[in-house]
>>> print(open('entry-v9.txt').read())   # compact mmCIF, C-alpha atoms
# COMPACT_ATOMS: atom_id res chain seq x y z
CA MET A 784 0.00 0.00 0.00
CA ASN A 785 1.29 3.48 -0.76
CA ILE A 786 0.28 6.84 0.67
CA GLU A 787 -2.08 7.59 -2.24
CA GLU A 788 -3.92 4.31 -1.61
CA VAL A 789 -4.11 5.13 2.11
CA ARG A 790 -5.47 8.57 1.22
CA GLU A 791 -8.15 7.13 -1.06
CA TYR A 792 -9.19 4.54 1.52
CA ALA A 793 -9.41 7.09 4.36
CA LEU A 794 -11.45 9.58 2.34
CA ASN A 795 -13.89 6.84 1.33
CA LEU A 796 -14.65 5.79 4.92
CA ASN A 797 -17.20 8.59 5.29
CA GLU A 798 -18.11 11.69 3.30
CA GLN A 799 -17.34 13.75 6.40
CA VAL A 800 -13.67 12.68 6.54
CA THR A 801 -11.42 15.67 5.92
CA GLU A 802 -7.78 15.85 4.98
CA ASP A 803 -5.31 18.64 5.57
CA LEU A 804 -1.64 19.49 5.35
CA PHE A 805 -1.09 20.87 8.83
CA VAL A 806 2.71 21.17 8.80
CA ARG A 807 4.66 21.39 5.54
CA SER A 808 4.91 17.62 5.08
CA TRP A 809 2.34 16.19 7.49
CA ILE A 810 -1.06 15.04 6.28
CA SER A 811 -3.87 14.37 8.74
CA TRP A 812 -7.25 12.77 8.23
CA ARG A 813 -10.04 13.74 10.60
CA ILE A 814 -13.65 13.02 11.34
CA ALA A 815 -15.60 15.79 13.09
CA GLY A 816 -12.28 17.55 13.59
CA ARG A 817 -10.66 14.64 15.48
CA TRP A 818 -7.56 12.90 14.12
CA PHE A 819 -7.66 9.22 13.33
CA LEU A 820 -4.83 8.97 10.78
CA LEU A 821 -1.60 10.89 10.17
CA THR A 822 1.47 10.55 8.00
CA ASN A 823 4.78 12.33 7.57
CA LEU A 824 5.82 12.56 3.93
CA ASP A 825 9.46 13.41 4.74
CA VAL A 826 10.46 10.00 6.09
CA PRO A 827 12.19 7.44 3.84
CA GLU A 828 9.91 4.54 4.81
CA PRO A 829 6.23 5.19 4.09
CA HIS A 830 4.15 4.85 7.23
CA VAL A 831 0.95 6.07 8.84
CA ALA A 832 0.03 6.65 12.47
CA VAL A 833 -3.29 5.32 13.73
CA LYS A 834 -5.12 5.72 17.03
CA MET A 835 -5.53 2.52 19.09
CA LEU A 836 -6.61 1.39 22.50
CA PRO A 837 -3.40 0.91 24.54
CA GLU A 838 -3.93 -2.84 24.97
CA VAL A 839 -4.41 -3.28 21.21
CA ALA A 840 -1.30 -1.22 20.49
CA ILE A 841 0.84 -3.31 22.84
CA ASP A 842 -0.43 -6.57 21.33
CA LEU A 843 0.14 -5.47 17.72
CA ARG A 844 3.61 -4.09 18.46
CA GLU A 845 4.59 -7.42 19.99
CA ARG A 846 3.23 -9.47 17.09
CA TYR A 847 4.24 -7.45 14.00
CA ASP A 848 7.62 -6.02 13.04
CA GLY A 849 5.88 -3.38 10.95
CA VAL A 850 4.02 -1.82 13.91
CA GLY A 851 5.77 0.54 16.31
CA PRO A 852 5.00 3.32 18.77
CA ALA A 853 4.29 6.66 17.12
CA ILE A 854 7.08 8.82 18.50
CA HIS A 855 5.34 12.06 17.57
CA MET A 856 2.10 11.19 19.37
CA ASN A 857 1.03 9.63 22.66
CA LYS A 858 2.83 6.28 22.49
CA LYS A 859 0.10 4.41 24.34
CA ASN A 860 -2.70 5.53 22.06
CA TRP A 861 -1.01 5.76 18.67
CA SER A 862 1.02 3.29 16.62
CA GLU A 863 2.89 3.62 13.36
CA LEU A 864 2.21 1.15 10.57
CA TYR A 865 5.14 0.75 8.15
CA LEU A 866 3.42 0.26 4.82
CA ASN A 867 6.24 -1.63 3.14
CA LEU A 868 6.28 -4.26 5.92
CA LEU A 869 2.56 -4.96 6.32
CA ASP A 870 -0.21 -6.53 4.28
CA ASP A 871 -2.61 -4.02 2.67
CA ASP A 872 -5.67 -5.62 4.30
CA PHE A 873 -4.02 -5.40 7.72
CA VAL A 874 -3.30 -1.68 7.19
CA LYS A 875 -6.89 -1.05 6.08
CA GLU A 876 -8.23 -2.91 9.13
CA GLN A 877 -6.13 -0.75 11.45
CA ILE A 878 -7.14 2.50 9.72
CA LYS A 879 -10.81 1.48 9.99
CA ALA A 880 -10.33 0.51 13.65
CA SER A 881 -8.76 3.92 14.32
CA TYR A 882 -11.66 5.65 12.57
CA ASP A 883 -14.21 3.55 14.51
CA LEU A 884 -12.47 4.31 17.82
CA VAL A 885 -12.63 8.06 17.20
CA VAL A 886 -16.24 7.90 16.02
CA SER A 887 -17.27 5.87 19.10
CA LYS A 888 -16.09 8.72 21.31
CA LEU A 889 -17.82 11.54 19.40
CA PRO A 890 -20.83 13.21 20.99
CA LYS A 891 -24.09 11.92 19.55
CA LYS A 892 -24.84 15.37 18.12
CA TYR A 893 -22.47 14.63 15.22
CA GLY A 894 -24.66 11.72 14.08
CA ILE A 895 -21.69 9.86 12.56
CA LYS A 896 -21.76 6.07 12.35
>>> encode(input="entry-v9.txt", output="structure tokens")
Amino acid sequence: MNIEEVREYALNLNEQVTEDLFVRSWISWRIAGRWFLLTNLDVPEPHVAVKMLPEVAIDLRERYDGVGPAIHMNKKNWSELYLNLLDDDFVKEQIKASYDLVVSKLPKKYGIK
């Protein structure tokens, strides 16, 4: 999976997903203004950071070489997925899980499912 495929997948999760370049080479994807996916375009290995429950993050980091703590975010709640080391379906599952986690914590007034 490359960053363009990640981008397309994230934007197709929900019509309310937004994307922005918030620092010269950082792209974030948000739902109702809350981050669920980030990437830094300046790094040599393509990767994305996804939000996770701490226990999920610990388990995945122990089981997969391509998952590590996101050094630029809260290490307990975010993990980096190295796209050249992981299966595309696995990456998509983790992006969707990150999206679902953020949505589950949104106030009901947003009406996002």
>>> atom_distance(input="entry-v9.txt", atom1="atom CA of A:Trp812", atom2="atom CA of A:Leu794")
7.9 Å
>>> atom_distance(input="entry-v9.txt", atom1="atom CA of A:Gly849", atom2="atom CA of A:Leu869")
5.9 Å
>>> residues_around(input="entry-v9.txt", residues="A:Leu866", least_positions_apart="3", cutoff="9 Å", atoms="only C-alpha atoms", output="PyMOL selection string")
chain A and resi 784-786+828-831+849+869-871+874
>>> atom_distance(input="entry-v9.txt", atom1="atom CA of A:Trp818", atom2="atom CA of A:Tyr882")
8.5 Å
>>> closest_residue(input="entry-v9.txt", among="A:Phe805, A:Tyr847, A:Trp861, A:Tyr792", to="A:Asn823", atoms="only C-alpha atoms")
A:Phe805
>>> closest_residue(input="entry-v9.txt", among="A:Lys891, A:Pro837, A:Thr822, A:Glu791", to="A:Val806", atoms="only C-alpha atoms")
A:Thr822
>>> closest_residue(input="entry-v9.txt", among="A:Val789, A:Leu804, A:Leu821, A:Met835", to="A:His855", atoms="all atoms listed in the file")
A:Leu821
>>> closest_residue(input="entry-v9.txt", among="A:Asn860, A:Arg817, A:Asp872, A:Asp825", to="A:Ser887", atoms="all atoms listed in the file")
A:Arg817
>>> closest_residue(input="entry-v9.txt", among="A:Tyr865, A:Pro890, A:Ala880, A:Phe873", to="A:Pro827", atoms="all atoms listed in the file")
A:Tyr865
